[in-house]
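To be precise, the following lines are model_26.txt, and they hold compact mmCIF, C-alpha atoms and all ligand atoms.
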# COMPACT_ATOMS: atom_id res chain seq x y z
CA MET X 206 56.76 -10.19 -44.67
CA THR X 207 60.53 -10.20 -44.41
CA THR X 208 63.07 -7.85 -45.87
CA TYR X 209 66.77 -8.53 -46.20
CA ALA X 210 69.91 -7.18 -47.80
CA PRO X 211 70.92 -6.59 -50.52
CA HIS X 212 67.24 -6.31 -51.43
CA PRO X 213 64.32 -8.68 -50.83
CA LEU X 214 62.57 -10.56 -53.58
CA TYR X 215 59.13 -9.28 -54.52
CA PHE X 216 56.57 -11.89 -55.48
CA SER X 217 53.72 -11.71 -57.94
CA ARG X 218 52.13 -15.14 -57.80
CA GLY X 219 51.85 -18.45 -55.97
CA GLU X 220 50.74 -21.72 -57.52
CA GLY X 221 50.83 -25.02 -55.62
CA ALA X 222 54.15 -25.32 -53.80
CA ARG X 223 55.87 -22.65 -55.91
CA VAL X 224 56.01 -18.86 -55.97
CA ARG X 225 57.01 -16.52 -58.81
CA ASP X 226 59.01 -13.30 -58.44
CA LEU X 227 58.49 -10.08 -60.39
CA ASP X 228 61.10 -11.16 -62.95
CA GLY X 229 59.02 -14.23 -63.73
CA ARG X 230 61.36 -16.67 -61.99
CA TRP X 231 59.69 -19.56 -60.11
CA TYR X 232 60.92 -20.88 -56.76
CA HIS X 233 60.02 -23.97 -54.78
CA ASP X 234 58.39 -22.52 -51.68
CA MET X 235 60.07 -24.00 -48.59
CA VAL X 236 58.72 -21.27 -46.27
CA ALA X 237 54.94 -21.58 -46.68
CA ASN X 238 54.55 -18.00 -45.48
CA TYR X 239 56.57 -18.81 -42.36
CA GLY X 240 54.37 -21.80 -41.62
CA ALA X 241 51.15 -19.83 -41.95
CA LEU X 242 50.13 -21.80 -45.05
CA ALA X 243 49.99 -25.54 -45.53
CA HIS X 244 47.78 -26.18 -48.53
CA GLY X 245 49.91 -24.64 -51.27
CA HIS X 246 49.00 -21.49 -53.16
CA ASN X 247 45.72 -21.22 -55.04
CA HIS X 248 44.43 -24.52 -53.63
CA PRO X 249 41.24 -25.18 -55.67
CA ALA X 250 38.92 -25.85 -52.69
CA LEU X 251 40.18 -22.82 -50.73
CA THR X 252 40.01 -20.50 -53.73
CA ARG X 253 36.48 -21.68 -54.52
CA ALA X 254 35.36 -21.19 -50.92
CA VAL X 255 36.62 -17.58 -50.93
CA HIS X 256 35.01 -16.84 -54.32
CA ASP X 257 31.69 -18.30 -53.20
CA GLN X 258 31.70 -16.47 -49.89
CA ILE X 259 32.64 -13.04 -51.24
CA GLU X 260 29.38 -12.96 -53.14
CA HIS X 261 27.53 -13.33 -49.83
CA GLY X 262 29.40 -10.63 -47.95
CA THR X 263 32.58 -10.59 -45.90
CA ALA X 264 31.69 -9.24 -42.45
CA LEU X 265 28.04 -9.09 -41.53
CA GLY X 266 28.22 -7.35 -38.18
CA GLY X 267 26.92 -10.24 -36.09
CA PRO X 268 27.37 -13.93 -35.39
CA SER X 269 27.14 -16.25 -38.38
CA THR X 270 26.68 -19.99 -38.76
CA LEU X 271 30.14 -20.12 -40.36
CA GLN X 272 31.58 -19.36 -36.94
CA TYR X 273 29.82 -22.38 -35.43
CA GLU X 274 30.79 -24.61 -38.34
CA HIS X 275 34.47 -23.60 -38.07
CA ALA X 276 34.41 -23.82 -34.26
CA ASP X 277 32.87 -27.32 -34.36
CA MET X 278 35.59 -28.48 -36.75
CA LEU X 279 38.31 -27.02 -34.55
CA ARG X 280 36.82 -28.45 -31.37
CA ALA X 281 36.57 -31.87 -32.99
CA ARG X 282 40.37 -31.69 -33.36
CA VAL X 283 41.15 -29.94 -30.08
CA PRO X 284 38.72 -31.13 -27.38
CA GLU X 285 40.32 -28.75 -24.83
CA LEU X 286 38.75 -25.84 -26.73
CA GLN X 287 35.51 -26.02 -24.78
CA ARG X 288 34.76 -22.37 -25.67
CA LEU X 289 36.56 -20.17 -28.16
CA ARG X 290 36.54 -16.69 -29.63
CA TYR X 291 37.71 -15.28 -32.95
CA CYS X 292 40.07 -12.41 -33.71
CA ASN X 293 42.30 -11.51 -36.63
CA SER X 294 45.82 -12.78 -35.99
CA GLY X 295 48.10 -14.82 -33.79
CA THR X 296 49.20 -11.58 -32.14
CA GLU X 297 45.65 -10.80 -31.09
CA ALA X 298 44.97 -14.38 -30.02
CA THR X 299 47.92 -14.50 -27.59
CA MET X 300 47.26 -10.95 -26.37
CA TRP X 301 43.70 -11.99 -25.56
CA ALA X 302 44.70 -15.29 -23.97
CA LEU X 303 47.05 -13.39 -21.64
CA ARG X 304 44.44 -10.78 -20.79
CA THR X 305 41.93 -13.55 -20.13
CA ALA X 306 44.39 -15.23 -17.77
CA ARG X 307 45.00 -11.97 -15.91
CA ALA X 308 41.28 -11.32 -15.61
CA TYR X 309 40.57 -14.88 -14.41
CA THR X 310 43.36 -15.08 -11.83
CA GLY X 311 43.35 -11.42 -10.76
CA ARG X 312 47.17 -11.52 -11.09
CA ASP X 313 49.45 -9.53 -13.39
CA VAL X 314 52.71 -11.39 -13.95
CA VAL X 315 53.18 -13.43 -17.11
CA VAL X 316 55.91 -16.03 -17.47
CA LYS X 317 57.10 -16.47 -21.04
CA ILE X 318 59.89 -18.42 -22.63
CA ASP X 319 63.09 -16.61 -23.51
CA GLY X 320 63.02 -16.24 -27.30
CA GLY X 321 59.38 -17.38 -27.50
CA TYR X 322 57.45 -15.67 -30.28
CA HIS X 323 53.80 -14.82 -29.71
CA GLY X 324 53.36 -11.91 -32.10
CA THR X 325 53.97 -8.21 -31.69
CA HIS X 326 51.85 -7.00 -28.77
CA ASP X 327 53.76 -5.56 -25.82
CA TRP X 328 53.76 -8.67 -23.60
CA GLY X 329 54.78 -10.96 -26.46
CA HIS X 330 57.54 -8.58 -27.49
CA VAL X 331 59.50 -9.11 -24.27
CA SER X 332 62.42 -11.40 -25.07
CA ALA X 333 61.05 -12.39 -28.45
CA PHE X 334 63.43 -13.76 -31.06
CA MET X 335 63.35 -11.36 -33.99
CA SER X 336 65.54 -11.34 -37.07
CA GLY X 337 67.81 -8.79 -35.42
CA GLY X 338 68.27 -10.89 -32.24
CA THR X 339 66.35 -11.37 -29.03
CA THR X 340 64.46 -8.38 -27.65
CA HIS X 341 64.50 -7.38 -23.99
CA ARG X 342 65.02 -10.22 -21.53
CA GLN X 343 63.57 -9.84 -18.04
CA GLN X 344 64.65 -12.35 -15.43
CA LEU X 345 62.60 -11.27 -12.45
CA PRO X 346 60.21 -8.35 -12.09
CA GLY X 347 61.66 -5.16 -10.75
CA LEU X 348 65.25 -5.90 -11.70
CA PRO X 349 66.77 -2.97 -13.57
CA SER X 350 67.90 -3.83 -17.09
CA ALA X 351 68.29 -2.02 -20.39
CA ASN X 352 65.12 -1.84 -22.42
CA LEU X 353 65.98 -3.72 -25.61
CA ALA X 354 62.42 -3.53 -26.87
CA PRO X 355 62.00 0.17 -27.64
CA GLY X 356 58.40 1.28 -27.33
CA VAL X 357 57.40 -1.41 -24.86
CA PRO X 358 56.47 0.33 -21.59
CA ASP X 359 58.52 -0.41 -18.50
CA THR X 360 55.37 -1.42 -16.65
CA VAL X 361 54.89 -4.24 -19.16
CA LEU X 362 58.55 -5.25 -19.01
CA ARG X 363 58.28 -5.49 -15.25
CA SER X 364 55.26 -7.78 -15.47
CA VAL X 365 56.85 -10.35 -17.78
CA VAL X 366 59.36 -12.88 -16.48
CA THR X 367 61.29 -14.94 -19.01
CA VAL X 368 62.62 -18.43 -18.44
CA PRO X 369 64.76 -20.61 -20.71
CA PHE X 370 62.95 -23.21 -22.83
CA ASN X 371 63.29 -26.85 -21.76
CA ASP X 372 64.25 -25.99 -18.17
CA THR X 373 61.66 -26.77 -15.51
CA GLU X 374 63.87 -25.98 -12.51
CA VAL X 375 63.86 -22.26 -13.31
CA VAL X 376 60.08 -22.34 -13.69
CA ALA X 377 59.70 -24.10 -10.34
CA ASP X 378 61.91 -21.43 -8.76
CA VAL X 379 59.97 -18.53 -10.31
CA MET X 380 56.66 -20.13 -9.30
CA SER X 381 57.63 -20.39 -5.67
CA ARG X 382 59.34 -16.98 -5.50
CA LEU X 383 56.34 -15.29 -7.13
CA ASP X 384 53.68 -17.47 -5.55
CA GLY X 385 50.28 -15.81 -5.91
CA GLN X 386 51.47 -13.24 -8.47
CA VAL X 387 51.71 -15.21 -11.72
CA ALA X 388 48.66 -15.27 -13.99
CA ALA X 389 49.96 -17.52 -16.75
CA VAL X 390 52.81 -19.37 -18.34
CA ILE X 391 52.67 -19.05 -22.12
CA VAL X 392 54.69 -21.45 -24.25
CA GLU X 393 55.03 -22.66 -27.82
CA PRO X 394 55.18 -26.48 -27.71
CA VAL X 395 57.93 -26.24 -30.34
CA LEU X 396 60.01 -23.08 -29.83
CA GLY X 397 59.46 -21.70 -33.34
CA VAL X 398 61.28 -18.50 -34.27
CA GLY X 399 63.66 -19.22 -31.36
CA GLY X 400 65.14 -22.11 -33.34
CA GLY X 401 62.47 -24.72 -34.16
CA ILE X 402 63.32 -26.59 -30.95
CA PRO X 403 60.90 -29.32 -29.83
CA ALA X 404 60.06 -29.55 -26.14
CA HIS X 405 62.07 -32.22 -24.31
CA PRO X 406 59.96 -35.25 -23.41
CA GLY X 407 58.15 -34.48 -20.16
CA TYR X 408 58.89 -30.72 -20.23
CA LEU X 409 55.36 -29.54 -20.99
CA GLN X 410 53.89 -32.20 -18.67
CA GLU X 411 56.04 -30.76 -15.86
CA LEU X 412 54.91 -27.21 -16.74
CA ARG X 413 51.34 -28.52 -16.50
CA ARG X 414 52.02 -29.94 -13.03
CA LEU X 415 53.82 -26.82 -11.72
CA THR X 416 51.25 -24.35 -13.03
CA ALA X 417 48.35 -26.37 -11.63
CA ARG X 418 50.07 -26.50 -8.23
CA HIS X 419 50.39 -22.70 -8.10
CA GLY X 420 46.97 -21.82 -9.55
CA VAL X 421 48.65 -20.46 -12.69
CA LEU X 422 47.04 -20.88 -16.11
CA LEU X 423 49.01 -22.76 -18.76
CA ILE X 424 48.64 -21.32 -22.26
CA PHE X 425 49.82 -23.24 -25.32
CA ASP X 426 50.46 -21.01 -28.31
CA GLU X 427 49.67 -23.44 -31.11
CA CYS X 428 49.58 -20.83 -33.87
CA ALA X 429 52.46 -22.58 -35.59
CA THR X 430 52.14 -26.12 -34.21
CA PHE X 431 48.60 -26.79 -35.47
CA ARG X 432 50.29 -28.02 -38.60
CA LEU X 433 51.89 -30.80 -36.50
CA GLY X 434 48.79 -32.31 -35.10
CA PRO X 435 47.90 -30.06 -33.11
CA TRP X 436 50.66 -30.61 -30.53
CA GLN X 437 48.47 -30.86 -27.40
CA VAL X 438 46.44 -33.65 -28.97
CA LYS X 439 49.43 -35.47 -30.45
CA HIS X 440 51.23 -35.45 -27.10
CA ALA X 441 48.21 -35.52 -24.75
CA VAL X 442 48.95 -32.51 -22.51
CA SER X 443 46.00 -30.28 -21.62
CA PRO X 444 46.57 -26.53 -21.31
CA ASP X 445 43.96 -24.22 -19.75
CA LEU X 446 43.91 -21.91 -22.77
CA SER X 447 45.28 -22.23 -26.31
CA THR X 448 45.75 -19.98 -29.29
CA PHE X 449 45.54 -20.78 -33.00
CA SER X 450 45.94 -18.80 -36.22
CA LYS X 451 47.71 -19.26 -39.55
CA ILE X 452 46.49 -22.37 -41.37
CA VAL X 453 43.15 -22.52 -39.55
CA GLY X 454 42.29 -19.42 -41.63
CA GLY X 455 43.13 -21.10 -44.95
CA GLY X 456 45.41 -18.29 -46.12
CA LEU X 457 43.36 -15.38 -44.75
CA PRO X 458 43.87 -13.54 -41.45
CA ILE X 459 42.47 -15.28 -38.40
CA GLY X 460 43.12 -15.73 -34.69
CA VAL X 461 41.45 -18.07 -32.21
CA PHE X 462 41.78 -18.18 -28.43
CA GLY X 463 39.88 -20.37 -26.04
CA GLY X 464 39.91 -23.29 -23.66
CA ARG X 465 38.23 -24.13 -20.36
CA ALA X 466 34.56 -23.17 -20.30
CA ASP X 467 34.76 -21.72 -16.77
CA ILE X 468 37.54 -19.35 -17.87
CA MET X 469 35.95 -18.36 -21.17
CA SER X 470 32.64 -17.69 -19.41
CA LEU X 471 34.30 -14.40 -18.34
CA PHE X 472 33.21 -13.12 -21.76
CA SER X 473 29.55 -13.88 -21.16
CA PRO X 474 27.56 -10.63 -20.90
CA SER X 475 25.73 -12.14 -17.92
CA HIS X 476 29.02 -12.59 -15.97
CA PRO X 477 29.12 -10.20 -12.97
CA GLN X 478 32.37 -8.67 -14.28
CA PRO X 479 32.52 -9.56 -17.97
CA VAL X 480 35.66 -9.11 -20.04
CA TYR X 481 34.83 -7.01 -23.06
CA HIS X 482 36.11 -8.34 -26.37
CA ALA X 483 35.43 -6.52 -29.63
CA SER X 484 36.78 -6.92 -33.13
CA ALA X 485 35.38 -5.48 -36.37
CA PHE X 486 36.75 -8.32 -38.48
CA GLY X 487 37.26 -11.07 -35.89
CA GLY X 488 35.39 -14.14 -37.15
CA ASN X 489 34.70 -12.54 -40.52
CA SER X 490 32.97 -14.74 -43.07
CA LEU X 491 35.75 -14.74 -45.64
CA SER X 492 38.44 -16.04 -43.25
CA LEU X 493 36.02 -18.61 -41.84
CA ALA X 494 34.92 -19.88 -45.27
CA ALA X 495 38.58 -20.27 -46.23
CA GLY X 496 39.31 -21.81 -42.83
CA ILE X 497 36.51 -24.37 -43.11
CA ALA X 498 37.79 -25.44 -46.55
CA ALA X 499 41.32 -25.54 -45.10
CA LEU X 500 40.35 -27.74 -42.15
CA ARG X 501 38.45 -30.11 -44.48
CA ALA X 502 41.56 -30.52 -46.61
CA PHE X 503 43.93 -30.93 -43.67
CA GLY X 504 43.35 -34.19 -41.86
CA THR X 505 45.38 -37.14 -40.61
CA PRO X 506 46.75 -38.14 -44.06
CA GLU X 507 47.95 -34.60 -44.82
CA ILE X 508 49.59 -34.22 -41.39
CA ALA X 509 51.26 -37.63 -41.85
CA HIS X 510 52.50 -36.48 -45.27
CA LEU X 511 54.05 -33.35 -43.71
CA ASP X 512 55.61 -35.52 -40.97
CA ARG X 513 57.22 -37.76 -43.60
CA LEU X 514 58.46 -34.79 -45.62
CA GLY X 515 59.93 -33.16 -42.51
CA THR X 516 61.70 -36.34 -41.43
CA ARG X 517 63.07 -36.85 -44.96
CA LEU X 518 64.25 -33.23 -45.06
CA ARG X 519 65.99 -33.28 -41.67
CA ARG X 520 67.72 -36.61 -42.41
CA GLY X 521 68.80 -35.34 -45.83
CA LEU X 522 70.21 -32.07 -44.47
CA ASP X 523 72.12 -33.88 -41.71
CA THR X 524 73.60 -36.32 -44.22
CA ALA X 525 74.55 -33.43 -46.52
CA ALA X 526 76.32 -31.66 -43.63
CA ARG X 527 78.15 -34.85 -42.64
CA HIS X 528 79.33 -35.49 -46.20
CA ALA X 529 80.49 -31.89 -46.55
CA GLY X 530 82.35 -32.16 -43.22
CA VAL X 531 80.32 -29.26 -41.85
CA LEU X 532 79.29 -29.02 -38.19
CA GLY X 533 75.56 -28.51 -38.11
CA ARG X 534 72.29 -30.26 -37.34
CA SER X 535 68.67 -29.94 -38.30
CA VAL X 536 65.99 -29.74 -35.62
CA GLY X 537 62.23 -29.59 -35.73
CA GLU X 538 59.09 -31.66 -35.63
CA GLY X 539 56.74 -32.72 -38.43
CA GLY X 540 56.68 -30.32 -41.34
CA MET X 541 58.56 -27.58 -39.49
CA SER X 542 62.38 -27.67 -39.54
CA TYR X 543 65.47 -25.54 -38.97
CA PHE X 544 69.13 -26.12 -39.74
CA HIS X 545 71.68 -24.80 -37.23
CA PHE X 546 75.40 -24.56 -37.75
CA GLY X 547 77.56 -25.59 -34.81
CA ALA X 548 78.57 -28.66 -32.84
CA ARG X 549 75.36 -29.25 -30.90
CA PRO X 550 71.68 -28.71 -31.78
CA PRO X 551 70.23 -25.89 -29.62
CA GLN X 552 67.98 -26.71 -26.66
CA ASN X 553 66.79 -23.15 -26.07
CA ALA X 554 66.96 -19.65 -27.56
CA ALA X 555 70.30 -18.81 -25.92
CA ASP X 556 71.82 -21.83 -27.71
CA THR X 557 70.22 -20.67 -30.96
CA ALA X 558 71.67 -17.18 -30.48
CA ALA X 559 75.11 -18.73 -29.80
CA ALA X 560 74.82 -20.91 -32.92
CA ARG X 561 74.04 -17.80 -34.98
CA GLN X 562 76.71 -15.64 -33.37
CA GLY X 563 79.25 -14.58 -35.99
CA ARG X 564 77.47 -16.56 -38.72
CA GLY X 565 75.16 -13.83 -40.01
CA ARG X 566 76.96 -13.45 -43.34
CA LEU X 567 77.25 -17.20 -43.76
CA ARG X 568 73.52 -17.70 -43.22
CA ALA X 569 72.77 -14.86 -45.63
CA LEU X 570 74.96 -16.53 -48.27
CA VAL X 571 73.24 -19.90 -47.73
CA HIS X 572 69.89 -18.18 -48.21
CA LEU X 573 71.02 -16.37 -51.37
CA HIS X 574 72.63 -19.46 -52.87
CA LEU X 575 69.48 -21.49 -52.28
CA LEU X 576 67.48 -18.73 -54.02
CA ASN X 577 69.84 -19.00 -56.97
CA GLU X 578 69.20 -22.74 -56.97
CA GLY X 579 65.45 -22.03 -57.14
CA PHE X 580 64.44 -22.58 -53.48
CA LEU X 581 62.81 -20.01 -51.23
CA THR X 582 63.80 -20.47 -47.58
CA ALA X 583 63.61 -18.14 -44.58
CA ARG X 584 66.89 -16.41 -43.86
CA HIS X 585 66.60 -17.28 -40.18
CA GLY X 586 66.47 -20.94 -41.16
CA LEU X 587 62.82 -21.99 -40.97
CA MET X 588 61.70 -24.57 -43.53
CA CYS X 589 58.03 -25.52 -43.84
CA GLN X 590 56.37 -27.64 -46.50
CA HIS X 591 52.94 -27.61 -48.09
CA ILE X 592 50.71 -30.66 -48.36
CA VAL X 593 51.29 -30.45 -52.14
CA THR X 594 55.10 -30.56 -51.73
CA THR X 595 56.45 -33.86 -53.06
CA PRO X 596 59.29 -36.01 -51.70
CA SER X 597 61.23 -35.40 -54.94
CA VAL X 598 61.17 -31.62 -54.28
CA VAL X 599 62.53 -32.27 -50.79
CA ASP X 600 65.28 -34.44 -52.31
CA ALA X 601 66.12 -31.71 -54.86
CA PHE X 602 66.26 -29.19 -52.03
CA VAL X 603 68.62 -31.40 -50.04
CA GLU X 604 70.85 -31.66 -53.11
CA ALA X 605 70.81 -27.85 -53.51
CA PHE X 606 71.69 -27.51 -49.82
CA ALA X 607 74.56 -29.97 -50.25
CA SER X 608 75.93 -27.98 -53.19
CA THR X 609 75.58 -24.78 -51.12
CA LEU X 610 77.63 -26.32 -48.32
CA ARG X 611 80.29 -27.49 -50.77
CA LEU X 612 80.53 -24.00 -52.23
CA LEU X 613 80.67 -22.27 -48.86
CA ARG X 614 82.83 -24.86 -47.13
CA PRO X 615 85.89 -22.57 -46.96
CA TYR X 616 83.83 -20.19 -44.78
CA LEU X 617 82.36 -22.88 -42.59
CA ALA X 618 85.26 -23.72 -40.31
N1 LIG A 701 52.42 -17.16 -32.18
C1 LIG A 701 53.25 -17.94 -32.90
C2 LIG A 701 53.72 -19.24 -32.31
C3 LIG A 701 53.66 -17.55 -34.17
O1 LIG A 701 54.49 -18.34 -34.87
C4 LIG A 701 53.16 -16.35 -34.70
C5 LIG A 701 53.54 -15.89 -36.11
N2 LIG A 701 54.83 -16.20 -36.51
C6 LIG A 701 52.32 -15.57 -33.91
C7 LIG A 701 51.96 -16.00 -32.66
C8 LIG A 701 51.81 -14.24 -34.40
O2 LIG A 701 50.89 -14.41 -35.42
P1 LIG A 701 50.52 -13.17 -36.38
O3 LIG A 701 51.73 -12.92 -37.23
O4 LIG A 701 49.33 -13.70 -37.14
O5 LIG A 701 50.17 -12.02 -35.51
Here is the file; what I need is its structure written in the form of structure tokens.
Amino acid sequence: MTTYAPHPLYFSRGEGARVRDLDGRWYHDMVANYGALAHGHNHPALTRAVHDQIEHGTALGGPSTLQYEHADMLRARVPELQRLRYCNSGTEATMWALRTARAYTGRDVVVKIDGGYHGTHDWGHVSAFMSGGTTHRQQLPGLPSANLAPGVPDTVLRSVVTVPFNDTEVVADVMSRLDGQVAAVIVEPVLGVGGGIPAHPGYLQELRRLTARHGVLLIFDECATFRLGPWQVKHAVSPDLSTFSKIVGGGLPIGVFGGRADIMSLFSPSHPQPVYHASAFGGNSLSLAAGIAALRAFGTPEIAHLDRLGTRLRRGLDTAARHAGVLGRSVGEGGMSYFHFGARPPQNAADTAAARQGRGRLRALVHLHLLNEGFLTARHGLMCQHIVTTPSVVDAFVEAFASTLRLLRPYLA
């Protein structure tokens, strides 16, 4: 949920690819709950699945066959998920993946990407891109620096090292300087909140090589990128652990973490030193019933549709900017896009921060003008489509964006 000045819209209903505010005004939904939805609101199969399940109970206090059904469907898409466990959110999934890596390696340090977003637990909150800017950035453990993430303990800050996205030299340097201390590198294959920046070709392959060489686990946070393929399957790079959430829960809260069987066997009660994982609602029947319906209705044709919509959107926005004489470029992959003002598209979160510097009011005006034109976007620039979004809605959005740029052109120098 996002709030913004002068006051945020409150919504009362969603139907297909549109949402309605409390005043009864409908908007084309270009946010899809920040990428957490992909099927559109009130999708008949998902709604039916939830109705049917609620009559059989929501959380039964033990394993259920729904968990196996959902897990089989996920594993059919992501073969690297040899074993997996359920929790309630992307935050929990990445928190657990990191704890699993620390338990498996017996090491404490986590390497994360500057501006990478993995949810709101303490480790993920170090140098995360939030609407107010990037939180604390830690270059190497032990270095004194101001704590820009109030509430996150110094001990956690000292155990997280951040590196810029799309730069393997820094990672190689950190790996050799901290040889034997790093448990995991965690990365979003497309840097989401940090600017929607796709990994350079070969970047994640090189991370795979470097981490393997130093006995470090590679974690792909695919909470957002499942809607693209998932990324690891589309681009054939195998992490040790991965995390999923959002659309795999069909509109209800869910988190999934898992990967190599030898790592996940740490959770087996018969392991000599088992890792204890508990969750009252992790793997609850309602989320899984919705998730199973969601996975059934989200296959190759739907992903291809989102790919086409995203490509059409990015091309349209770039053309609109060119015609308006405005410096700016769209970035993204598949049905996940951002538009950035400035001469060059960002390659990492520092570039994104620079592109946003001094343009806060401008971006707020773009957002408000698009609302007036009947389109809901995220103020930080994210645009995601639903599988029920049509090309003509994308075209209408591009036209609304073009008229926004024309209107704001005097402020865009
Ligand atoms: N990881 C990524 C890549 C995300 O995009 C998000 C949510 N924006 C999260 C983790 C956290 O998920 P949740 O909000 O469900 O805790």
(message) Neighbours of ligand LIG 701 (chain A) at 10 Å or closer, counting only C-alpha atoms and all ligand atoms: which residues, as a VMD selection string?
(response) chain X and resid 206 238 to 241 292 to 300 321 to 326 329 392 to 399 425 to 431 448 to 451 457 to 460
(request) To one decimal in Å, tell me the separation between atom CA of X:Asp556 and atom CA of X:Val379. (result) 21.3 Å
(message) Please determine, counting all atoms listed in the file, which residue among X:Asp600, X:Glu578, X:Thr360, X:Leu500 has the shortest atom-to-atom distance to X:Arg520.
(response) X:Asp600
All file atoms of stretch 297-316 of chain X boxed axis-aligned, 5 Å per side, centre plus edges, as lines of an AutoDock Vina configuration file:
center_x = 48.2
center_y = -12.8
center_z = -20.9
size_x = 25.3
size_y = 16.5
size_z = 30.3
(request) Just give me the gap between atom CA of X:Arg465 and atom CA of X:Ile452 in Å, one decimal is fine. (result) 22.6 Å
(request) Enter the distance from atom CA of X:Leu433 to atom CA of X:Phe606, in Å, rounded to one decimal. (result)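 Calculated distance between atom CA of X:Leu433 and atom CA of X:Phe606 is 24.1 Å.
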(request) Between X:Ser597, X:Gln590, X:Ser535, X:Gln562, single out the one closest to X:Gly400, counting only C-alpha atoms. (result)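 Of all the options, X:Ser535 lies closest to X:Gly400.
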Using all atoms listed in the file - which residues lie no farther than 7 Å from the point (60.4, -33.5, -36.5) in the file's frame? Write them as a compact mmCIF listing (two decimals) with C-alpha atoms, in the frame of the given file.
# COMPACT_ATOMS: atom_id res chain seq x y z
CA ASP X 512 55.61 -35.52 -40.97
CA GLY X 515 59.93 -33.16 -42.51
CA THR X 516 61.70 -36.34 -41.43
CA VAL X 536 65.99 -29.74 -35.62
CA GLY X 537 62.23 -29.59 -35.73
CA GLU X 538 59.09 -31.66 -35.63
CA GLY X 539 56.74 -32.72 -38.43
CA GLY X 540 56.68 -30.32 -41.34
CA MET X 541 58.56 -27.58 -39.49
CA SER X 542 62.38 -27.67 -39.54
(request) Find the spatial neighbours of X:Ala264, counting only C-alpha atoms, within a cut-off of 7 Å - ignore same-chain residues fewer than 4 positions away - and output them as a list in words. (result) Phe486, Asn489 and Ser490 of chain X
For the residues in that selection, give me C-alpha atoms as a compact mmCIF listing (two decimals), in the coordinates of the input.
# COMPACT_ATOMS: atom_id res chain seq x y z
CA PHE X 486 36.75 -8.32 -38.48
CA ASN X 489 34.70 -12.54 -40.52
CA SER X 490 32.97 -14.74 -43.07
(message) Please return as a PyMOL selection string every residue within 12 Å of (45.3, -14.0, -19.1), taking into account only C-alpha atoms and the file's own coordinates.
(response) chain X and resi 298-316+328+387-391+421-424+445-448+462-464+468-469+471+480
(message) Need to verify the contact set: X:Leu610, 8 Å, only C-alpha atoms, exclusion of same-chain residues closer than 4 positions in sequence. Can you return it as a VMD selection string?
(response) chain X and resid 525 to 526 529 531 571 606 614
(request) Identify which of the residues X:Pro369, X:Arg549, X:Ala560, X:Val598 lies closest to X:Gly521, counting only C-alpha atoms when measuring atom-to-atom distances. (result) X:Val598
Near X:Arg253, counting only C-alpha atoms, which residues have an atom at most 12 Å away, once you skip same-chain residues fewer than 4 positions from it, shown as a compact mmCIF listing (two decimals) with C-alpha atoms, keeping the file's coordinate frame?
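Full text of part15.txt as output:
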# COMPACT_ATOMS: atom_id res chain seq x y z
CA ASN X 247 45.72 -21.22 -55.04
CA HIS X 248 44.43 -24.52 -53.63
CA PRO X 249 41.24 -25.18 -55.67
CA ASP X 257 31.69 -18.30 -53.20
CA GLN X 258 31.70 -16.47 -49.89
CA ILE X 259 32.64 -13.04 -51.24
CA GLU X 260 29.38 -12.96 -53.14
CA GLY X 455 43.13 -21.10 -44.95
CA LEU X 491 35.75 -14.74 -45.64
CA ALA X 494 34.92 -19.88 -45.27
CA ALA X 495 38.58 -20.27 -46.23
CA ILE X 497 36.51 -24.37 -43.11
CA ALA X 498 37.79 -25.44 -46.55
CA ALA X 499 41.32 -25.54 -45.10
(request) Name the closest residue to X:Pro355 among the candidates X:Asp327, X:Asp372, X:Glu220, X:Asp228; distances are taken between atoms, counting all atoms listed in the file. (result) X:Asp327
(message) Using only C-alpha atoms, can you tell me which of X:Leu412, X:Tyr291, X:Leu573, X:Pro435 comes closest to X:Pro268?
(response)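 Selected residue with least distance to X:Pro268: X:Tyr291.
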